[in-house]
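**Student:** I am sharing input-v7.cif, which consists of mmCIF, C-alpha atoms (C1' of nucleotides); chains and numbers go by the auth columns:
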```cif
data_coords
loop_
_atom_site.group_PDB
_atom_site.id
_atom_site.type_symbol
_atom_site.label_atom_id
_atom_site.label_comp_id
_atom_site.label_asym_id
_atom_site.label_seq_id
_atom_site.Cartn_x
_atom_site.Cartn_y
_atom_site.Cartn_z
_atom_site.B_iso_or_equiv
_atom_site.auth_seq_id
_atom_site.auth_asym_id
ATOM 1 C CA MET A 1 -92.854 51.091 -78.989 0.00 1226 A
ATOM 2 C CA ASN A 2 -91.377 49.512 -82.061 0.00 1227 A
ATOM 3 C CA TYR A 3 -87.891 49.436 -83.491 0.00 1228 A
ATOM 4 C CA TRP A 4 -86.745 49.853 -87.053 0.00 1229 A
ATOM 5 C CA LEU A 5 -83.660 50.050 -89.183 0.00 1230 A
ATOM 6 C CA ILE A 6 -83.195 52.555 -91.967 0.00 1231 A
ATOM 7 C CA LYS A 7 -80.349 52.455 -94.447 0.00 1232 A
ATOM 8 C CA SER A 8 -78.523 55.140 -96.202 0.00 1233 A
ATOM 9 C CA GLU A 9 -75.574 55.223 -98.515 0.00 1234 A
ATOM 10 C CA PRO A 10 -73.252 57.687 -96.689 0.00 1235 A
ATOM 11 C CA HIS A 11 -72.330 59.403 -99.953 0.00 1236 A
ATOM 12 C CA THR A 12 -76.010 60.135 -100.487 0.00 1237 A
ATOM 13 C CA TYR A 13 -77.038 60.996 -96.924 0.00 1238 A
ATOM 14 C CA SER A 14 -74.704 60.315 -94.017 0.00 1239 A
ATOM 15 C CA PHE A 15 -75.389 60.134 -90.309 0.00 1240 A
ATOM 16 C CA ALA A 16 -73.106 63.166 -89.900 0.00 1241 A
ATOM 17 C CA GLN A 17 -75.510 65.027 -92.162 0.00 1242 A
ATOM 18 C CA MET A 18 -78.403 63.674 -90.117 0.00 1243 A
ATOM 19 C CA LYS A 19 -76.781 65.053 -86.982 0.00 1244 A
ATOM 20 C CA SER A 20 -76.258 68.499 -88.436 0.00 1245 A
ATOM 21 C CA ASP A 21 -79.784 68.579 -89.897 0.00 1246 A
ATOM 22 C CA LYS A 22 -81.231 67.411 -86.538 0.00 1247 A
ATOM 23 C CA LYS A 23 -84.403 66.427 -88.385 0.00 1248 A
ATOM 24 C CA THR A 24 -85.074 65.168 -91.894 0.00 1249 A
ATOM 25 C CA MET A 25 -87.812 63.854 -94.130 0.00 1250 A
ATOM 26 C CA TRP A 26 -87.062 60.246 -95.038 0.00 1251 A
ATOM 27 C CA ASP A 27 -87.995 60.305 -98.709 0.00 1252 A
ATOM 28 C CA GLY A 28 -87.234 58.380 -101.850 0.00 1253 A
ATOM 29 C CA VAL A 29 -88.332 54.933 -100.664 0.00 1254 A
ATOM 30 C CA ARG A 30 -89.638 53.110 -103.743 0.00 1255 A
ATOM 31 C CA ASN A 31 -90.098 49.616 -102.485 0.00 1256 A
ATOM 32 C CA TYR A 32 -93.441 48.289 -101.269 0.00 1257 A
ATOM 33 C CA GLN A 33 -92.136 46.227 -98.385 0.00 1258 A
ATOM 34 C CA ALA A 34 -90.100 49.170 -97.120 0.00 1259 A
ATOM 35 C CA ARG A 35 -93.094 51.463 -97.665 0.00 1260 A
ATOM 36 C CA ASN A 36 -95.300 49.147 -95.615 0.00 1261 A
ATOM 37 C CA PHE A 37 -92.878 49.301 -92.706 0.00 1262 A
ATOM 38 C CA MET A 38 -92.875 53.093 -92.918 0.00 1263 A
ATOM 39 C CA ARG A 39 -96.663 53.093 -92.667 0.00 1264 A
ATOM 40 C CA GLU A 40 -96.379 51.135 -89.423 0.00 1265 A
ATOM 41 C CA MET A 41 -93.954 53.557 -87.823 0.00 1266 A
ATOM 42 C CA ARG A 42 -95.354 55.506 -84.912 0.00 1267 A
ATOM 43 C CA LYS A 43 -94.266 58.719 -83.293 0.00 1268 A
ATOM 44 C CA GLY A 44 -91.672 57.946 -80.640 0.00 1269 A
ATOM 45 C CA ASP A 45 -90.425 54.742 -82.286 0.00 1270 A
ATOM 46 C CA ILE A 46 -86.666 54.346 -82.606 0.00 1271 A
ATOM 47 C CA ALA A 47 -84.776 53.475 -85.767 0.00 1272 A
ATOM 48 C CA LEU A 48 -81.212 52.309 -86.104 0.00 1273 A
ATOM 49 C CA PHE A 49 -79.334 54.245 -88.764 0.00 1274 A
ATOM 50 C CA TYR A 50 -77.254 52.006 -90.999 0.00 1275 A
ATOM 51 C CA HIS A 51 -74.602 53.024 -93.492 0.00 1276 A
ATOM 52 C CA SER A 52 -74.619 50.804 -96.551 0.00 1277 A
ATOM 53 C CA GLY A 53 -71.914 50.661 -99.198 0.00 1278 A
ATOM 54 C CA LYS A 54 -68.332 50.914 -97.998 0.00 1279 A
ATOM 55 C CA ASP A 55 -69.236 51.460 -94.338 0.00 1280 A
ATOM 56 C CA ARG A 56 -71.635 48.613 -93.666 0.00 1281 A
ATOM 57 C CA GLN A 57 -72.348 49.449 -90.055 0.00 1282 A
ATOM 58 C CA VAL A 58 -75.042 50.688 -87.711 0.00 1283 A
ATOM 59 C CA VAL A 59 -73.850 54.116 -86.653 0.00 1284 A
ATOM 60 C CA GLY A 60 -76.594 55.745 -84.635 0.00 1285 A
ATOM 61 C CA GLU A 61 -80.198 56.127 -83.636 0.00 1286 A
ATOM 62 C CA VAL A 62 -82.994 58.366 -84.813 0.00 1287 A
ATOM 63 C CA GLU A 63 -86.521 58.866 -83.530 0.00 1288 A
ATOM 64 C CA ILE A 64 -89.697 58.929 -85.590 0.00 1289 A
ATOM 65 C CA VAL A 65 -91.196 62.370 -85.020 0.00 1290 A
ATOM 66 C CA LYS A 66 -93.861 62.459 -87.727 0.00 1291 A
ATOM 67 C CA GLU A 67 -95.850 59.498 -88.969 0.00 1292 A
ATOM 68 C CA PHE A 68 -96.227 58.676 -92.650 0.00 1293 A
ATOM 69 C CA TYR A 69 -97.591 61.100 -95.183 0.00 1294 A
ATOM 70 C CA GLN A 70 -97.531 61.446 -98.948 0.00 1295 A
ATOM 71 C CA ASP A 71 -94.025 61.698 -100.382 0.00 1296 A
ATOM 72 C CA PRO A 72 -93.978 65.301 -101.646 0.00 1297 A
ATOM 73 C CA THR A 73 -91.198 64.479 -104.108 0.00 1298 A
ATOM 74 C CA THR A 74 -93.604 62.468 -106.285 0.00 1299 A
ATOM 75 C CA GLU A 75 -97.178 62.661 -107.559 0.00 1300 A
ATOM 76 C CA ASP A 76 -97.471 58.911 -107.169 0.00 1301 A
ATOM 77 C CA THR A 77 -99.710 58.263 -104.164 0.00 1302 A
ATOM 78 C CA ASN A 78 -98.114 54.885 -103.558 0.00 1303 A
ATOM 79 C CA TRP A 79 -95.188 56.444 -101.762 0.00 1304 A
ATOM 80 C CA VAL A 80 -94.883 57.934 -98.322 0.00 1305 A
ATOM 81 C CA VAL A 81 -92.280 59.567 -96.102 0.00 1306 A
ATOM 82 C CA VAL A 82 -91.810 59.921 -92.347 0.00 1307 A
ATOM 83 C CA ASP A 83 -89.876 62.561 -90.439 0.00 1308 A
ATOM 84 C CA VAL A 84 -87.004 61.409 -88.274 0.00 1309 A
ATOM 85 C CA LYS A 85 -84.965 63.237 -85.685 0.00 1310 A
ATOM 86 C CA TYR A 86 -81.353 62.711 -84.713 0.00 1311 A
ATOM 87 C CA LYS A 87 -81.165 60.929 -81.371 0.00 1312 A
ATOM 88 C CA ARG A 88 -77.621 59.781 -80.696 0.00 1313 A
ATOM 89 C CA ILE A 89 -74.476 58.378 -82.167 0.00 1314 A
ATOM 90 C CA LEU A 90 -73.505 54.900 -80.985 0.00 1315 A
ATOM 91 C CA THR A 91 -70.435 54.665 -78.752 0.00 1316 A
ATOM 92 C CA ASN A 92 -69.045 52.132 -81.202 0.00 1317 A
ATOM 93 C CA PRO A 93 -70.529 51.433 -84.619 0.00 1318 A
ATOM 94 C CA VAL A 94 -71.742 47.861 -85.108 0.00 1319 A
ATOM 95 C CA ASN A 95 -70.401 46.153 -88.229 0.00 1320 A
ATOM 96 C CA LEU A 96 -72.508 44.071 -90.545 0.00 1321 A
ATOM 97 C CA ALA A 97 -69.929 41.280 -90.268 0.00 1322 A
ATOM 98 C CA ASP A 98 -70.364 41.255 -86.479 0.00 1323 A
ATOM 99 C CA ILE A 99 -74.129 41.268 -86.825 0.00 1324 A
ATOM 100 C CA LYS A 100 -73.887 38.315 -89.208 0.00 1325 A
ATOM 101 C CA SER A 101 -71.703 36.420 -86.762 0.00 1326 A
ATOM 102 C CA LYS A 102 -74.376 36.497 -84.050 0.00 1327 A
ATOM 103 C CA LYS A 103 -76.793 33.629 -84.068 0.00 1328 A
ATOM 104 C CA GLU A 104 -79.545 35.669 -82.411 0.00 1329 A
ATOM 105 C CA LEU A 105 -79.358 38.226 -85.216 0.00 1330 A
ATOM 106 C CA SER A 106 -79.482 35.777 -88.104 0.00 1331 A
ATOM 107 C CA GLU A 107 -83.195 36.412 -88.671 0.00 1332 A
ATOM 108 C CA MET A 108 -82.810 40.153 -89.112 0.00 1333 A
ATOM 109 C CA HIS A 109 -84.145 41.609 -92.340 0.00 1334 A
ATOM 110 C CA LEU A 110 -80.758 43.284 -92.698 0.00 1335 A
ATOM 111 C CA VAL A 111 -79.126 39.845 -92.843 0.00 1336 A
ATOM 112 C CA ARG A 112 -81.903 38.056 -94.737 0.00 1337 A
ATOM 113 C CA ASN A 113 -82.556 40.683 -97.364 0.00 1338 A
ATOM 114 C CA SER A 114 -79.687 43.065 -97.793 0.00 1339 A
ATOM 115 C CA ARG A 115 -81.567 45.143 -100.333 0.00 1340 A
ATOM 116 C CA LEU A 116 -84.426 46.191 -98.058 0.00 1341 A
ATOM 117 C CA SER A 117 -83.843 49.821 -97.112 0.00 1342 A
ATOM 118 C CA VAL A 118 -86.395 50.117 -94.306 0.00 1343 A
ATOM 119 C CA SER A 119 -87.094 47.183 -92.017 0.00 1344 A
ATOM 120 C CA SER A 120 -88.446 46.231 -88.632 0.00 1345 A
ATOM 121 C CA VAL A 121 -86.178 45.149 -85.782 0.00 1346 A
ATOM 122 C CA SER A 122 -87.403 43.133 -82.809 0.00 1347 A
ATOM 123 C CA LYS A 123 -86.799 44.378 -79.273 0.00 1348 A
ATOM 124 C CA LYS A 124 -84.367 41.499 -78.758 0.00 1349 A
ATOM 125 C CA GLU A 125 -82.432 42.346 -81.886 0.00 1350 A
ATOM 126 C CA TYR A 126 -82.402 46.004 -80.990 0.00 1351 A
ATOM 127 C CA ASP A 127 -81.132 45.323 -77.472 0.00 1352 A
ATOM 128 C CA SER A 128 -78.497 42.992 -78.839 0.00 1353 A
ATOM 129 C CA ILE A 129 -77.156 45.582 -81.253 0.00 1354 A
ATOM 130 C CA ILE A 130 -77.135 48.294 -78.598 0.00 1355 A
ATOM 131 C CA ARG A 131 -75.202 45.958 -76.303 0.00 1356 A
ATOM 132 C CA MET A 132 -72.674 45.315 -79.077 0.00 1357 A
ATOM 133 C CA SER A 133 -72.234 49.050 -79.524 0.00 1358 A
ATOM 134 C CA GLU A 134 -71.317 49.473 -75.876 0.00 1359 A
ATOM 135 C CA VAL A 135 -68.501 46.938 -75.711 0.00 1360 A
ATOM 136 C "C1'" DG B 1 -65.460 45.793 -110.446 0.00 951 B
ATOM 137 C "C1'" DC B 2 -68.219 41.732 -110.077 0.00 952 B
ATOM 138 C "C1'" DC B 3 -72.196 39.373 -109.213 0.00 953 B
ATOM 139 C "C1'" DA B 4 -76.184 37.535 -106.446 0.00 954 B
ATOM 140 C "C1'" DA B 5 -80.618 38.708 -105.033 0.00 955 B
ATOM 141 C "C1'" DC B 6 -84.517 40.946 -105.766 0.00 956 B
ATOM 142 C "C1'" DG B 7 -88.089 43.764 -108.079 0.00 957 B
ATOM 143 C "C1'" DT B 8 -90.224 45.439 -112.253 0.00 958 B
ATOM 144 C "C1'" DT B 9 -91.563 45.415 -116.968 0.00 959 B
ATOM 145 C "C1'" DG B 10 -93.510 43.715 -120.981 0.00 960 B
ATOM 146 C "C1'" DG B 11 -94.354 40.104 -124.505 0.00 961 B
ATOM 147 C "C1'" DC B 12 -96.963 36.184 -125.136 0.00 962 B
ATOM 148 C "C1'" DG C 1 -100.967 34.815 -115.459 0.00 119 C
ATOM 149 C "C1'" DC C 2 -96.318 33.311 -116.573 0.00 120 C
ATOM 150 C "C1'" DC C 3 -91.711 34.130 -117.200 0.00 121 C
ATOM 151 C "C1'" DA C 4 -87.611 36.072 -119.598 0.00 122 C
ATOM 152 C "C1'" DA C 5 -85.099 40.157 -119.766 0.00 123 C
ATOM 153 C "C1'" DC C 6 -83.544 43.911 -117.636 0.00 124 C
ATOM 154 C "C1'" DG C 7 -82.273 47.336 -113.946 0.00 125 C
ATOM 155 C "C1'" DT C 8 -80.889 48.325 -109.269 0.00 126 C
ATOM 156 C "C1'" DT C 9 -78.961 47.561 -104.817 0.00 127 C
ATOM 157 C "C1'" DG C 10 -75.493 46.395 -101.934 0.00 128 C
ATOM 158 C "C1'" DG C 11 -72.150 42.922 -100.161 0.00 129 C
ATOM 159 C "C1'" DC C 12 -67.832 41.114 -101.235 0.00 130 C
#
```
What is this structure when it is put down as structure tokens?
**Tutor:**
Amino acid sequence: MNYWLIKSEPHTYSFAQMKSDKKTMWDGVRNYQARNFMREMRKGDIALFYHSGKDRQVVGEVEIVKEFYQDPTTEDTNWVVVDVKYKRILTNPVNLADIKSKKELSEMHLVRNSRLSVSSVSKKEYDSIIRMSEV
DNA sequence: GCCAACGTTGGC
DNA sequence: GCCAACGTTGGC
């Protein structure tokens, strides 16, 4: 099982919306690196849900329920989507500032490349963030 | 609101 | 194929 992090601007699509939708198609990714990560996602993988913009925190978890397929919102065959399902809200959201303050999280794509909207997360990084959310 | 970082486009 | 110009994202 692999771990991921997906970003959303809460004004565009919030985790509250994710919760009420229960399941959504993760579309609109127009970046090759992000697209490549989406292609690697497998059913059952977990993704952290991050609010960019004013929030800047990891707020919950979703599960990949359908592997990549053509993005139906475009004719361009370069782009794909996956389906994700609401899993749970974190007990406490984990702030970007706190993530940045942890040495063991300094290699995260989220820290290294703030503009990447879909990225991989190692098991260690994932566990570390979950631990931070439980304090 | 500003700006750094990054990606894309297009002229040469 | 290089690189300047431009647009977008997202942190601050």
**Student:** Counting all atoms listed in the file, which residues sit no farther than 12 Å from the position (-87.7, 40.0, -107.5) in the file's frame? I'd like them as a JSON list (two decimals) with C-alpha atoms (C1' of nucleotides), in the coordinates of the input.
**Tutor:**
```
[["chain", "number", "residue", "atom", "x", "y", "z"],
["A", 1256, "ASN", "CA", -90.10, 49.62, -102.48],
["A", 1257, "TYR", "CA", -93.44, 48.29, -101.27],
["A", 1258, "GLN", "CA", -92.14, 46.23, -98.38],
["A", 1338, "ASN", "CA", -82.56, 40.68, -97.36],
["A", 1340, "ARG", "CA", -81.57, 45.14, -100.33],
["A", 1341, "LEU", "CA", -84.43, 46.19, -98.06],
["B", 954, "DA", "C1'", -76.18, 37.53, -106.45],
["B", 955, "DA", "C1'", -80.62, 38.71, -105.03],
["B", 956, "DC", "C1'", -84.52, 40.95, -105.77],
["B", 957, "DG", "C1'", -88.09, 43.76, -108.08],
["B", 958, "DT", "C1'", -90.22, 45.44, -112.25],
["B", 959, "DT", "C1'", -91.56, 45.42, -116.97],
["C", 124, "DC", "C1'", -83.54, 43.91, -117.64],
["C", 125, "DG", "C1'", -82.27, 47.34, -113.95],
["C", 126, "DT", "C1'", -80.89, 48.32, -109.27],
["C", 127, "DT", "C1'", -78.96, 47.56, -104.82]]
```
**Student:** Could you tell me how far atom CA of A:Asn1303 sits from atom CA of A:Tyr1351, in Å to one decimal place?
**Tutor:** 28.9 Å
**Student:** Would you work out the distance separating atom CA of A:Val1360 from atom CA of A:Asp1323, expressed in Å to one decimal?
**Tutor:**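 Result for atom CA of A:Val1360 versus atom CA of A:Asp1323: 12.3 Å, one decimal.
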**Student:** Quick one: residues within 9 Å of A:Ile1354, all atoms listed in the file, excluding same-chain residues fewer than 2 positions away - as a list of chain:residue names?
**Tutor:** A:Val1283, A:Val1319, A:Ile1324, A:Leu1330, A:Lys1349, A:Glu1350, A:Tyr1351, A:Asp1352, A:Arg1356, A:Met1357, A:Ser1358, A:Glu1359
**Student:** Let me know the centre plus edge lengths, in Å and rounded to one decimal, of a box with edges along x, y and z that contains all listed atoms of chain B and is padded by 3 Å on every side, as AutoDock Vina command-line options.
**Tutor:**
```
--center_x -81.2 --center_y 41.0 --center_z -115.1 --size_x 37.5 --size_y 15.6 --size_z 26.1
```
**Student:** Residues picked by the PyMOL selection byres ((chain B and resi 952) around 9) here, as JSON, numbers by chain?
**Tutor:** {"B": [951, 953], "C": [130]}
**Student:** Give the residues of chain A that lie within 10 Å of chain C; count only C-alpha atoms (C1' of nucleotides), and format the answer as a list in words.
**Tutor:** Glu1234, Ser1277, Gly1278, Lys1279, Arg1281, Leu1321, Ser1339, Arg1340, Leu1341 and Ser1342 of chain A
**Student:** Determine the nearest neighbour of A:Lys1291 from the options A:Thr1249, A:Ser1331, A:Gln1242, A:Ser1326, counting all atoms listed in the file.
**Tutor:**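 Checking each of A:Thr1249, A:Ser1331, A:Gln1242, A:Ser1326 against A:Lys1291, counting all atoms listed in the file, the winner is A:Thr1249.
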